[in-house]
>>> print(open('structure.txt').read())   # compact mmCIF, C-alpha atoms and all ligand atoms
# COMPACT_ATOMS: atom_id res chain seq x y z
CA MET C 1 0.00 0.00 0.00
CA THR C 2 1.43 3.34 -1.05
CA SER C 3 -0.14 6.31 0.73
CA THR C 4 -0.23 9.76 -0.77
CA LEU C 5 -0.77 13.23 0.66
CA HIS C 6 -1.97 14.41 -2.72
CA THR C 7 -5.29 16.19 -2.09
CA ASN C 8 -8.02 17.51 -4.31
CA PHE C 9 -9.68 20.35 -2.43
CA VAL C 10 -12.79 21.77 -4.16
CA GLY C 11 -11.41 20.68 -7.54
CA VAL C 12 -7.94 22.12 -6.91
CA ASP C 13 -5.07 19.60 -6.86
CA MET C 14 -2.37 20.04 -4.25
CA PRO C 15 0.63 17.90 -3.32
CA SER C 16 -0.22 18.12 0.40
CA PRO C 17 -3.31 18.97 2.49
CA PHE C 18 -1.26 21.51 4.49
CA MET C 19 -1.94 25.12 3.51
CA LEU C 20 -0.69 28.48 4.71
CA ALA C 21 -3.53 30.26 6.52
CA SER C 22 -4.45 33.77 5.40
CA ALA C 23 -2.10 35.67 7.74
CA PRO C 24 1.55 36.82 7.92
CA PRO C 25 2.85 33.51 6.42
CA SER C 26 0.91 34.20 3.20
CA ALA C 27 1.51 37.95 2.96
CA SER C 28 4.19 37.90 0.24
CA PRO C 29 4.25 35.87 -3.00
CA GLN C 30 8.01 35.30 -2.75
CA SER C 31 7.65 33.80 0.75
CA VAL C 32 4.72 31.67 -0.38
CA ALA C 33 6.86 30.40 -3.28
CA ARG C 34 9.53 29.40 -0.75
CA ALA C 35 6.87 27.61 1.31
CA PHE C 36 5.70 25.66 -1.77
CA GLU C 37 9.29 24.63 -2.51
CA MET C 38 9.51 23.29 1.06
CA GLY C 39 6.39 21.13 0.73
CA TRP C 40 3.31 23.20 1.58
CA GLY C 41 0.34 22.24 -0.61
CA GLY C 42 -1.39 25.59 -1.01
CA ALA C 43 -2.06 29.00 0.44
CA MET C 44 -4.95 31.17 1.47
CA MET C 45 -3.31 34.50 0.72
CA LYS C 46 -3.39 37.33 3.27
CA THR C 47 -6.79 39.06 3.27
CA ILE C 48 -7.24 41.70 0.57
CA GLN C 49 -9.64 44.61 0.88
CA TYR C 50 -10.94 47.13 -1.58
CA THR C 51 -7.86 49.32 -1.62
CA PRO C 52 -9.12 52.17 -3.82
CA ARG C 53 -10.99 53.23 -0.69
CA PHE C 54 -9.18 51.43 2.09
CA ILE C 55 -5.54 51.30 3.05
CA LYS C 56 -5.11 51.63 6.78
CA GLN C 57 -1.72 51.28 8.33
CA ASN C 58 -0.98 48.50 10.78
CA VAL C 59 -0.03 49.51 14.34
CA ASN C 60 3.18 48.70 16.25
CA PRO C 61 3.40 46.32 17.97
CA ARG C 62 0.49 44.18 16.81
CA ILE C 63 1.47 40.62 17.77
CA ASN C 64 1.67 39.37 21.36
CA ALA C 65 2.66 35.90 22.60
CA VAL C 66 0.49 34.37 25.33
CA LYS C 67 2.68 32.24 27.62
CA TRP C 68 2.05 29.73 30.38
CA GLY C 69 5.44 29.71 32.06
CA LYS C 70 7.92 29.74 29.19
CA GLN C 71 5.65 27.89 26.77
CA ILE C 72 3.93 29.99 24.11
CA VAL C 73 0.34 28.74 24.00
CA GLY C 74 -0.76 31.12 21.29
CA PHE C 75 -0.72 34.65 20.00
CA THR C 76 -3.05 37.61 20.11
CA ASN C 77 -3.00 40.23 17.39
CA PHE C 78 -4.77 43.24 16.01
CA GLU C 79 -3.35 43.02 12.54
CA ILE C 80 -5.65 44.15 9.74
CA GLY C 81 -5.89 43.12 6.07
CA SER C 82 -3.03 43.47 3.63
CA GLN C 83 -1.72 46.94 2.95
CA LYS C 84 -0.80 46.09 -0.65
CA THR C 85 -3.01 47.37 -3.42
CA ILE C 86 -5.37 45.23 -5.49
CA GLU C 87 -3.04 45.69 -8.48
CA GLN C 88 -0.04 44.45 -6.50
CA TRP C 89 -2.04 41.42 -5.35
CA ALA C 90 -3.29 40.64 -8.86
CA ASP C 91 0.35 40.66 -10.08
CA SER C 92 1.33 38.44 -7.14
CA ILE C 93 -1.35 35.86 -7.93
CA ARG C 94 -0.34 35.78 -11.62
CA TRP C 95 3.32 35.44 -10.65
CA LEU C 96 2.61 32.56 -8.23
CA LYS C 97 0.27 30.62 -10.52
CA GLU C 98 2.70 30.85 -13.46
CA ARG C 99 5.40 29.27 -11.31
CA TYR C 100 3.30 26.92 -9.19
CA PRO C 101 0.41 25.56 -11.27
CA GLU C 102 0.31 22.45 -9.09
CA HIS C 103 -0.28 24.26 -5.80
CA GLY C 104 -3.51 25.83 -4.55
CA VAL C 105 -3.53 29.63 -4.50
CA PHE C 106 -6.70 31.11 -3.03
CA VAL C 107 -7.30 34.80 -2.45
CA SER C 108 -8.97 35.91 0.77
CA LEU C 109 -11.43 38.77 0.43
CA MET C 110 -13.04 40.98 3.04
CA HIS C 111 -15.08 44.14 2.67
CA THR C 112 -14.08 47.50 4.10
CA ASP C 113 -15.95 49.39 6.79
CA VAL C 114 -18.79 49.92 4.29
CA LEU C 115 -20.49 46.87 2.75
CA VAL C 116 -20.67 47.55 -1.00
CA GLU C 117 -21.93 44.82 -3.33
CA GLU C 118 -20.06 46.13 -6.36
CA GLU C 119 -16.75 46.20 -4.46
CA TRP C 120 -17.05 42.48 -3.61
CA LYS C 121 -17.95 41.77 -7.22
CA GLU C 122 -15.13 43.86 -8.68
CA LEU C 123 -12.56 42.18 -6.42
CA THR C 124 -13.90 38.78 -7.48
CA ARG C 125 -13.62 39.58 -11.20
CA ILE C 126 -10.08 40.94 -10.81
CA PHE C 127 -8.77 37.86 -8.99
CA ASP C 128 -10.70 35.43 -11.17
CA GLN C 129 -8.89 36.92 -14.16
CA ALA C 130 -5.56 36.99 -12.31
CA GLY C 131 -5.77 33.19 -12.08
CA ALA C 132 -6.61 32.56 -8.41
CA ASP C 133 -7.73 28.96 -7.88
CA GLY C 134 -10.55 30.05 -5.62
CA PHE C 135 -11.89 32.53 -3.09
CA GLU C 136 -11.80 32.38 0.67
CA LEU C 137 -14.22 34.93 2.12
CA ASN C 138 -13.09 36.37 5.42
CA LEU C 139 -16.42 36.47 7.27
CA SER C 140 -14.69 35.85 10.56
CA CYS C 141 -11.97 38.37 11.48
CA SER C 142 -12.69 38.82 15.20
CA HIS C 143 -10.94 42.09 15.93
CA GLY C 144 -10.23 45.43 14.27
CA GLN C 145 -12.23 44.88 11.14
CA ALA C 146 -15.10 43.32 13.13
CA GLU C 147 -15.28 46.56 15.11
CA SER C 148 -15.93 48.31 11.77
CA GLY C 149 -18.75 45.91 10.81
CA CYS C 150 -16.69 43.47 8.70
CA GLY C 151 -15.40 39.95 9.31
CA ALA C 152 -17.12 38.16 12.19
CA VAL C 153 -20.01 40.61 12.14
CA LEU C 154 -21.02 39.26 8.72
CA GLY C 155 -20.21 35.66 9.60
CA ALA C 156 -22.51 35.77 12.63
CA ASP C 157 -25.53 36.44 10.41
CA PRO C 158 -26.80 33.61 8.13
CA GLU C 159 -28.53 36.06 5.76
CA MET C 160 -25.33 38.10 5.35
CA ILE C 161 -23.36 34.91 4.66
CA LYS C 162 -25.83 33.95 1.92
CA MET C 163 -25.76 37.43 0.43
CA VAL C 164 -21.97 37.77 0.22
CA VAL C 165 -21.39 34.19 -0.98
CA GLY C 166 -24.05 34.89 -3.64
CA TRP C 167 -22.33 38.11 -4.79
CA VAL C 168 -18.98 36.37 -5.20
CA LYS C 169 -20.49 33.31 -6.88
CA SER C 170 -22.29 35.53 -9.38
CA GLN C 171 -18.88 36.66 -10.73
CA THR C 172 -16.87 33.44 -10.82
CA ASN C 173 -17.15 29.73 -11.52
CA LYS C 174 -14.23 29.05 -9.22
CA PRO C 175 -14.72 27.60 -5.72
CA VAL C 176 -15.98 29.96 -3.03
CA VAL C 177 -15.00 29.09 0.53
CA PRO C 178 -16.40 31.29 3.31
CA LYS C 179 -14.22 31.34 6.43
CA LEU C 180 -16.62 31.20 9.38
CA THR C 181 -16.25 32.28 12.97
CA ALA C 182 -16.67 30.19 16.11
CA LEU C 183 -18.01 33.35 17.79
CA THR C 184 -21.62 32.20 17.60
CA VAL C 185 -23.71 29.71 19.55
CA ASP C 186 -25.20 28.15 16.42
CA LEU C 187 -22.44 27.47 13.93
CA PRO C 188 -24.31 24.71 12.02
CA THR C 189 -26.96 27.24 10.90
CA ARG C 190 -24.19 29.49 9.53
CA GLY C 191 -22.67 26.49 7.74
CA ARG C 192 -26.00 25.52 6.18
CA ALA C 193 -26.49 29.13 5.02
CA ALA C 194 -23.10 28.97 3.27
CA LYS C 195 -24.05 25.68 1.61
CA GLU C 196 -27.45 27.00 0.52
CA ALA C 197 -25.74 29.96 -1.14
CA GLY C 198 -23.49 27.59 -3.10
CA ALA C 199 -20.25 27.50 -1.12
CA SER C 200 -17.93 24.70 -2.28
CA ALA C 201 -16.33 24.28 1.14
CA ILE C 202 -15.99 26.11 4.45
CA SER C 203 -12.88 27.32 6.26
CA ALA C 204 -13.04 27.30 10.05
CA ILE C 205 -12.09 29.01 12.25
CA ASN C 206 -10.56 32.46 12.53
CA THR C 207 -9.08 34.05 15.65
CA ILE C 208 -11.33 34.69 18.66
CA SER C 209 -11.65 38.13 20.18
CA SER C 210 -9.84 38.36 23.52
CA LEU C 211 -8.00 40.50 26.05
CA PRO C 212 -4.76 38.64 26.81
CA GLY C 213 -3.86 40.32 30.11
CA ILE C 214 -3.44 43.46 32.17
CA ASP C 215 -0.25 45.04 33.56
CA LEU C 216 -1.16 45.49 37.25
CA ASP C 217 1.26 48.40 37.76
CA THR C 218 0.02 50.56 34.90
CA PHE C 219 -3.43 48.95 34.45
CA ARG C 220 -2.83 49.03 30.70
CA PRO C 221 -3.85 45.88 28.82
CA VAL C 222 -1.02 43.72 27.48
CA ASN C 223 0.01 44.70 24.00
CA ALA C 224 -0.48 48.42 24.28
CA VAL C 225 0.17 50.77 21.38
CA ASP C 226 1.58 54.00 22.79
CA GLY C 227 -0.29 53.30 26.05
CA MET C 228 -3.66 52.28 24.60
CA SER C 229 -4.92 48.85 23.61
CA ALA C 230 -7.86 47.11 21.92
CA PHE C 231 -9.40 43.65 21.84
CA GLN C 232 -7.20 41.14 20.04
CA GLY C 233 -7.72 37.94 18.05
CA SER C 234 -6.42 34.79 19.80
CA SER C 235 -4.76 32.06 17.77
CA GLY C 236 -2.54 29.05 18.31
CA ARG C 237 -2.57 26.03 20.64
CA MET C 238 -5.27 27.51 22.87
CA LEU C 239 -7.65 27.59 19.90
CA LYS C 240 -7.44 23.94 18.87
CA PRO C 241 -10.31 22.45 20.93
CA ILE C 242 -12.64 25.18 19.67
CA ALA C 243 -11.47 24.74 16.08
CA LEU C 244 -11.84 20.94 16.26
CA ARG C 245 -15.37 21.28 17.59
CA SER C 246 -16.23 23.80 14.88
CA VAL C 247 -14.84 21.62 12.08
CA ALA C 248 -16.79 18.59 13.32
CA GLN C 249 -20.00 20.63 13.68
CA LEU C 250 -19.71 22.12 10.18
CA ALA C 251 -18.76 18.83 8.53
CA ALA C 252 -21.71 17.06 10.15
CA ALA C 253 -24.19 19.85 9.41
CA THR C 254 -23.24 20.50 5.78
CA ASP C 255 -21.35 17.51 4.36
CA LEU C 256 -19.08 20.09 2.70
CA PRO C 257 -15.29 19.71 2.76
CA ILE C 258 -13.80 21.81 5.54
CA SER C 259 -10.47 23.64 5.51
CA ALA C 260 -9.47 23.54 9.17
CA THR C 261 -7.54 26.31 10.87
CA GLY C 262 -6.82 26.89 14.54
CA GLY C 263 -4.00 25.42 16.60
CA CYS C 264 -2.43 22.93 14.20
CA TYR C 265 1.19 22.41 15.30
CA SER C 266 1.80 18.74 14.51
CA TRP C 267 0.79 15.96 12.11
CA LYS C 268 -1.33 14.54 14.94
CA ASP C 269 -3.31 17.78 15.19
CA ALA C 270 -3.84 17.62 11.43
CA ALA C 271 -4.93 13.97 11.52
CA GLU C 272 -7.48 14.87 14.20
CA PHE C 273 -8.84 17.70 12.05
CA ILE C 274 -9.12 15.29 9.09
CA ALA C 275 -10.89 12.70 11.26
CA ALA C 276 -13.31 15.50 12.23
CA GLY C 277 -14.06 16.23 8.55
CA ALA C 278 -11.29 18.51 7.28
CA GLN C 279 -9.92 18.08 3.77
CA THR C 280 -7.12 20.61 4.12
CA VAL C 281 -5.45 21.99 7.24
CA GLN C 282 -4.24 25.59 7.40
CA VAL C 283 -1.43 26.76 9.66
CA CYS C 284 -0.51 30.23 10.90
CA SER C 285 0.68 30.42 14.53
CA ALA C 286 3.00 27.39 14.34
CA ILE C 287 4.71 29.02 11.34
CA MET C 288 4.93 32.33 13.21
CA GLU C 289 6.73 30.48 16.01
CA TYR C 290 8.90 28.02 14.06
CA GLY C 291 8.90 28.99 10.35
CA TYR C 292 7.87 27.13 7.18
CA GLY C 293 10.35 24.31 7.93
CA ILE C 294 7.82 22.53 10.16
CA ILE C 295 6.21 21.23 6.95
CA GLU C 296 8.80 18.47 6.68
CA LYS C 297 7.59 16.84 9.93
CA LEU C 298 3.94 17.61 9.20
CA ASN C 299 4.08 15.87 5.81
CA SER C 300 6.28 12.94 6.84
CA GLY C 301 4.39 12.32 10.11
CA LEU C 302 0.98 12.33 8.45
CA LEU C 303 2.18 10.09 5.61
CA GLN C 304 3.72 7.59 8.01
CA TYR C 305 0.51 7.48 10.08
CA MET C 306 -1.52 6.83 6.92
CA GLU C 307 0.84 4.07 5.81
CA GLU C 308 0.68 2.40 9.23
CA LYS C 309 -3.12 2.54 9.21
CA GLY C 310 -3.46 1.45 5.59
CA PHE C 311 -5.04 4.70 4.38
CA GLU C 312 -4.24 5.40 0.74
CA THR C 313 -5.51 9.01 0.77
CA ILE C 314 -6.87 11.29 3.47
CA GLU C 315 -10.36 10.52 2.15
CA ASP C 316 -9.96 7.07 3.72
CA PHE C 317 -10.19 8.49 7.22
CA ARG C 318 -11.78 11.89 6.69
CA GLY C 319 -14.80 12.37 8.97
CA LYS C 320 -14.32 9.00 10.67
CA THR C 321 -14.92 10.60 14.09
CA LEU C 322 -18.29 12.12 13.20
CA PRO C 323 -20.42 9.01 13.90
CA TYR C 324 -19.07 9.03 17.46
CA ILE C 325 -20.33 12.52 18.31
CA THR C 326 -23.86 12.89 19.63
CA GLN C 327 -25.77 15.27 21.88
CA GLN C 328 -24.66 15.28 25.52
CA ILE C 329 -28.20 14.35 26.57
CA LYS C 330 -27.97 11.14 24.53
CA LEU C 331 -24.83 9.85 26.28
CA SER C 332 -25.35 6.68 28.36
CA ARG C 333 -26.36 7.09 32.00
CA ASP C 334 -25.83 3.36 32.63
CA TYR C 335 -22.08 3.52 32.09
CA ARG C 336 -20.83 4.00 35.69
CA LEU C 337 -17.18 4.30 36.73
CA TYR C 338 -15.07 4.63 39.85
CA ALA C 339 -11.49 5.78 40.41
CA SER C 340 -9.04 2.95 40.97
CA VAL C 341 -5.65 3.84 42.50
CA ASP C 342 -2.52 1.89 41.56
CA GLU C 343 -0.73 1.60 44.91
CA THR C 344 2.55 0.65 43.27
CA THR C 345 2.92 4.02 41.50
CA CYS C 346 0.94 6.38 43.80
CA VAL C 347 3.41 8.66 45.64
CA GLY C 348 0.82 9.89 48.16
CA CYS C 349 1.16 13.52 47.07
CA GLY C 350 -2.48 14.14 48.02
CA ARG C 351 -3.36 16.25 44.97
CA CYS C 352 -6.48 14.16 44.39
CA VAL C 353 -7.82 14.72 47.92
CA PRO C 354 -8.90 18.41 47.71
CA SER C 355 -9.85 17.98 44.05
CA CYS C 356 -12.39 15.39 45.15
CA ALA C 357 -13.41 16.92 48.51
CA ASP C 358 -13.71 20.50 47.28
CA ASN C 359 -15.70 19.57 44.20
CA GLY C 360 -18.55 17.74 45.79
CA PHE C 361 -17.66 14.23 47.00
CA GLY C 362 -14.73 13.57 49.37
CA ALA C 363 -14.14 10.02 48.23
CA MET C 364 -10.31 10.28 48.28
CA LYS C 365 -8.15 10.01 51.39
CA ILE C 366 -4.47 9.42 52.06
CA VAL C 367 -4.00 6.27 54.13
CA ASP C 368 -0.48 5.07 54.99
CA GLY C 369 1.02 7.40 52.36
CA LYS C 370 -1.20 6.22 49.49
CA ALA C 371 -4.41 7.56 47.96
CA VAL C 372 -7.45 5.44 48.70
CA ASN C 373 -10.81 5.89 47.00
CA ASP C 374 -14.15 5.01 48.58
CA LYS C 375 -15.94 3.36 45.68
CA ASN C 376 -19.35 3.90 47.28
CA ILE C 377 -18.91 7.69 47.54
CA CYS C 378 -17.01 8.10 44.26
CA ASP C 379 -19.25 9.63 41.57
CA GLY C 380 -16.96 8.61 38.68
CA CYS C 381 -16.47 12.17 37.39
CA GLY C 382 -12.86 11.44 36.38
CA LEU C 383 -11.33 14.63 37.79
CA CYS C 384 -8.78 12.89 40.07
CA SER C 385 -7.48 10.74 37.20
CA GLN C 386 -6.91 13.88 35.16
CA ILE C 387 -4.97 15.82 37.79
CA CYS C 388 -2.91 12.90 39.23
CA PRO C 389 0.71 13.83 38.38
CA THR C 390 1.92 10.19 38.28
CA GLY C 391 -0.96 8.74 36.24
CA SER C 392 -1.76 6.34 39.08
CA ILE C 393 -5.55 6.71 38.92
CA GLN C 394 -7.54 4.80 36.30
CA MET C 395 -11.30 4.97 35.83
CA LYS C 396 -12.86 1.47 35.93
CA ARG C 397 -16.38 0.10 35.45
CA LYS C 398 -18.44 -0.16 38.66
C1 LIG Y 1 -1.08 38.03 13.01
C2 LIG Y 1 -2.26 37.34 12.39
C3 LIG Y 1 -2.87 37.90 11.28
C4 LIG Y 1 -3.97 37.26 10.69
N1 LIG Y 1 -4.54 37.81 9.58
C5 LIG Y 1 -5.59 37.18 8.99
C6 LIG Y 1 -6.14 37.65 7.79
O1 LIG Y 1 -5.69 38.64 7.21
N2 LIG Y 1 -7.21 36.99 7.27
C7 LIG Y 1 -7.74 35.88 7.86
O2 LIG Y 1 -8.72 35.30 7.34
N3 LIG Y 1 -7.21 35.38 9.01
C8 LIG Y 1 -6.15 35.99 9.57
N4 LIG Y 1 -5.58 35.46 10.69
C9 LIG Y 1 -6.15 34.22 11.25
C10 LIG Y 1 -5.42 32.96 10.72
O3 LIG Y 1 -5.61 32.83 9.33
C11 LIG Y 1 -5.94 31.69 11.40
O4 LIG Y 1 -7.30 31.50 11.04
C12 LIG Y 1 -5.85 31.76 12.91
O5 LIG Y 1 -4.65 32.37 13.31
C13 LIG Y 1 -5.94 30.37 13.53
O6 LIG Y 1 -4.92 29.53 13.07
P1 LIG Y 1 -3.55 29.27 13.91
O7 LIG Y 1 -3.97 28.80 15.26
O8 LIG Y 1 -2.79 28.26 13.10
O9 LIG Y 1 -2.86 30.58 14.00
C14 LIG Y 1 -4.48 36.07 11.27
C15 LIG Y 1 -3.85 35.52 12.39
C16 LIG Y 1 -2.75 36.14 12.95
C17 LIG Y 1 -2.11 35.50 14.14
>>> encode(input="structure.txt", output="structure tokens")
Amino acid sequence: MTSTLHTNFVGVDMPSPFMLASAPPSASPQSVARAFEMGWGGAMMKTIQYTPRFIKQNVNPRINAVKWGKQIVGFTNFEIGSQKTIEQWADSIRWLKERYPEHGVFVSLMHTDVLVEEEWKELTRIFDQAGADGFELNLSCSHGQAESGCGAVLGADPEMIKMVVGWVKSQTNKPVVPKLTALTVDLPTRGRAAKEAGASAISAINTISSLPGIDLDTFRPVNAVDGMSAFQGSSGRMLKPIALRSVAQLAAATDLPISATGGCYSWKDAAEFIAAGAQTVQVCSAIMEYGYGIIEKLNSGLLQYMEEKGFETIEDFRGKTLPYITQQIKLSRDYRLYASVDETTCVGCGRCVPSCADNGFGAMKIVDGKAVNDKNICDGCGLCSQICPTGSIQMKRK
């Protein structure tokens, strides 16, 4: 069995399912060309706006690393769309497609602070003619632009999604891929609206609006620009559980291919996104931290996993997790567990005792230097097994 990473995403062939997300890694055609040479399959280019009316300058600084200890868990930013003109971008797309016909090059469009139908349509015609393989619609930017009524403000409204997808589709036969936001309680309805309007696939998710921290001496938020700050889009590792949920929800609700984005750092993350329904996986924060070179391990790790499992293409395991997701209310109430302590590895640190006692039950005690669980009091919640630093607590059937 020979496995291949070769992927056909919405009719566009790519040598790998890994794509650059629309962000700093896809802001320059020369850098994107370098990324393709290194093994990336495609790119969602940095978001383009209607520059005849809109070129705002980016602020300094605009990227902040969120750390737990020394580990970067993600970034927050208030970067806006590209500051290059439409003409510069059209030249860039032509330049890239001439040199890399076998890679996916999608433009990412977003409106300016005024929603103008003809501006969306004109942008679409320009990039259709420039040779873009398809259109990602940024209906999800959570900061900056969202404050001006763009991005996530549109993506939160099913009627707006339909309207904008319809405008773009009326000007091109190429695939249209709205990028949706997780900043809504009912993502499936937004996904179905995109499908109804004729979207070929959905990208999910974008950054999530946040305030990363406050300096307690000056009371200024972290990442201040000349003393003032603003809400910032969170990305990176901390986003992955939300992105994975969103991808699974959208895949189940629409049956459309999903281009996943949010916290992919390893081939395992990517394989999980594919199992949840993704056909391509976009990366931004991991590249911001480590550079394009991570693609070597992403590609080789995913390929090796597929070979070991006997999957010829990613289609062989795409969406395989979806049948195992149901509503919480439908989960079994007959499946009862208790915490079983392995005396041979328990070091008697006592971490499990307050976790159990202070969260409702008090089933754990330390007896003769070892944790002991009272099976009759234990409610089987699983908390102690999760916090045990030596992995000595297993959940077993009652
Ligand atoms: C500095 C920065 C700038 C970004 N700019 C854009 C953008 O222009 N358009 C867009 O759709 N998403 C933008 N994003 C969001 C990314 O494309 C991506 O959806 C998000 O960061 C989650 O992926 P990650 O966890 O791999 O970073 C940006 C993200 C960052 C960190």
>>> residues_around(input="structure.txt", residues="Ala130 (chain C)", least_positions_apart="4", cutoff="10 Å", atoms="only C-alpha atoms", output="list of chain:residue names")
C:Glu87, C:Trp89, C:Ala90, C:Asp91, C:Ser92, C:Ile93, C:Arg94, C:Trp95, C:Lys97, C:Thr124, C:Arg125, C:Ile126
>>> residues_near_ligand(input="structure.txt", ligand="ligand LIG 1 (chain Y)", cutoff="7 Å", atoms="only C-alpha atoms and all ligand atoms", output="PyMOL selection string")
chain C and resi 21-24+46-47+63+75-77+79-82+108+138+140-141+179+205-207+235-237+239-240+261-264+282-286
>>> closest_residue(input="structure.txt", among="C:Ile48, C:Val114, C:Ile86, C:Val153", to="Ala27 (chain C)", atoms="all atoms listed in the file")
C:Ile48
>>> atom_distance(input="structure.txt", atom1="CA of Gln328 (chain C)", atom2="CA of Gln394 (chain C)")
22.8 Å
>>> residues_near_point(input="structure.txt", point="(-6.0, 4.7, 6.8)", cutoff="12 Å", atoms="all atoms listed in the file", output="list in words")
Met1, Thr2, Ser3, Thr4, Leu5, Ala271, Ile274, Ala275, Leu302, Leu303, Gln304, Tyr305, Met306, Glu307, Glu308, Lys309, Gly310, Phe311, Glu312, Thr313, Ile314, Glu315, Asp316, Phe317, Arg318, Gly319 and Lys320 of chain C
>>> write_last_selection(input="structure.txt", atoms="C-alpha atoms", output="short mmCIF file (atom, residue, chain, number, x, y, z; two decimals), in the coordinates of the input")
data_model
loop_
_atom_site.label_atom_id
_atom_site.label_comp_id
_atom_site.auth_asym_id
_atom_site.auth_seq_id
_atom_site.Cartn_x
_atom_site.Cartn_y
_atom_site.Cartn_z
CA MET C 1 0.00 0.00 0.00
CA THR C 2 1.43 3.34 -1.05
CA SER C 3 -0.14 6.31 0.73
CA THR C 4 -0.23 9.76 -0.77
CA LEU C 5 -0.77 13.23 0.66
CA ALA C 271 -4.93 13.97 11.52
CA ILE C 274 -9.12 15.29 9.09
CA ALA C 275 -10.89 12.70 11.26
CA LEU C 302 0.98 12.33 8.45
CA LEU C 303 2.18 10.09 5.61
CA GLN C 304 3.72 7.59 8.01
CA TYR C 305 0.51 7.48 10.08
CA MET C 306 -1.52 6.83 6.92
CA GLU C 307 0.84 4.07 5.81
CA GLU C 308 0.68 2.40 9.23
CA LYS C 309 -3.12 2.54 9.21
CA GLY C 310 -3.46 1.45 5.59
CA PHE C 311 -5.04 4.70 4.38
CA GLU C 312 -4.24 5.40 0.74
CA THR C 313 -5.51 9.01 0.77
CA ILE C 314 -6.87 11.29 3.47
CA GLU C 315 -10.36 10.52 2.15
CA ASP C 316 -9.96 7.07 3.72
CA PHE C 317 -10.19 8.49 7.22
CA ARG C 318 -11.78 11.89 6.69
CA GLY C 319 -14.80 12.37 8.97
CA LYS C 320 -14.32 9.00 10.67
#
>>> build_atoms(input="structure.txt", residues="region 151-165 of chain C", atoms="N, CA and C atoms", output="compact mmCIF listing (two decimals), keeping the file's coordinate frame")
# COMPACT_ATOMS: atom_id res chain seq x y z
N GLY C 151 -15.84 41.20 8.70
CA GLY C 151 -15.40 39.95 9.31
C GLY C 151 -16.48 39.23 10.08
N ALA C 152 -16.23 38.98 11.38
CA ALA C 152 -17.12 38.16 12.19
C ALA C 152 -18.53 38.74 12.29
N VAL C 153 -18.67 40.02 12.07
CA VAL C 153 -20.01 40.61 12.14
C VAL C 153 -20.88 40.04 11.01
N LEU C 154 -20.28 39.88 9.83
CA LEU C 154 -21.02 39.26 8.72
C LEU C 154 -21.23 37.77 8.97
N GLY C 155 -20.16 37.11 9.43
CA GLY C 155 -20.21 35.66 9.60
C GLY C 155 -21.16 35.21 10.70
N ALA C 156 -21.58 36.13 11.56
CA ALA C 156 -22.51 35.77 12.63
C ALA C 156 -23.95 35.76 12.11
N ASP C 157 -24.17 36.25 10.91
CA ASP C 157 -25.53 36.44 10.41
C ASP C 157 -25.77 35.57 9.16
N PRO C 158 -26.61 34.53 9.27
CA PRO C 158 -26.80 33.61 8.13
C PRO C 158 -27.24 34.33 6.85
N GLU C 159 -28.06 35.37 6.97
CA GLU C 159 -28.53 36.06 5.76
C GLU C 159 -27.38 36.81 5.08
N MET C 160 -26.50 37.40 5.90
CA MET C 160 -25.33 38.10 5.35
C MET C 160 -24.40 37.10 4.65
N ILE C 161 -24.23 35.94 5.27
CA ILE C 161 -23.36 34.91 4.66
C ILE C 161 -23.90 34.56 3.27
N LYS C 162 -25.21 34.32 3.21
CA LYS C 162 -25.83 33.95 1.92
C LYS C 162 -25.63 35.07 0.89
N MET C 163 -25.83 36.30 1.36
CA MET C 163 -25.76 37.43 0.43
C MET C 163 -24.34 37.57 -0.16
N VAL C 164 -23.34 37.54 0.70
CA VAL C 164 -21.97 37.77 0.22
C VAL C 164 -21.48 36.59 -0.62
N VAL C 165 -21.78 35.36 -0.18
CA VAL C 165 -21.39 34.19 -0.98
C VAL C 165 -22.05 34.31 -2.36
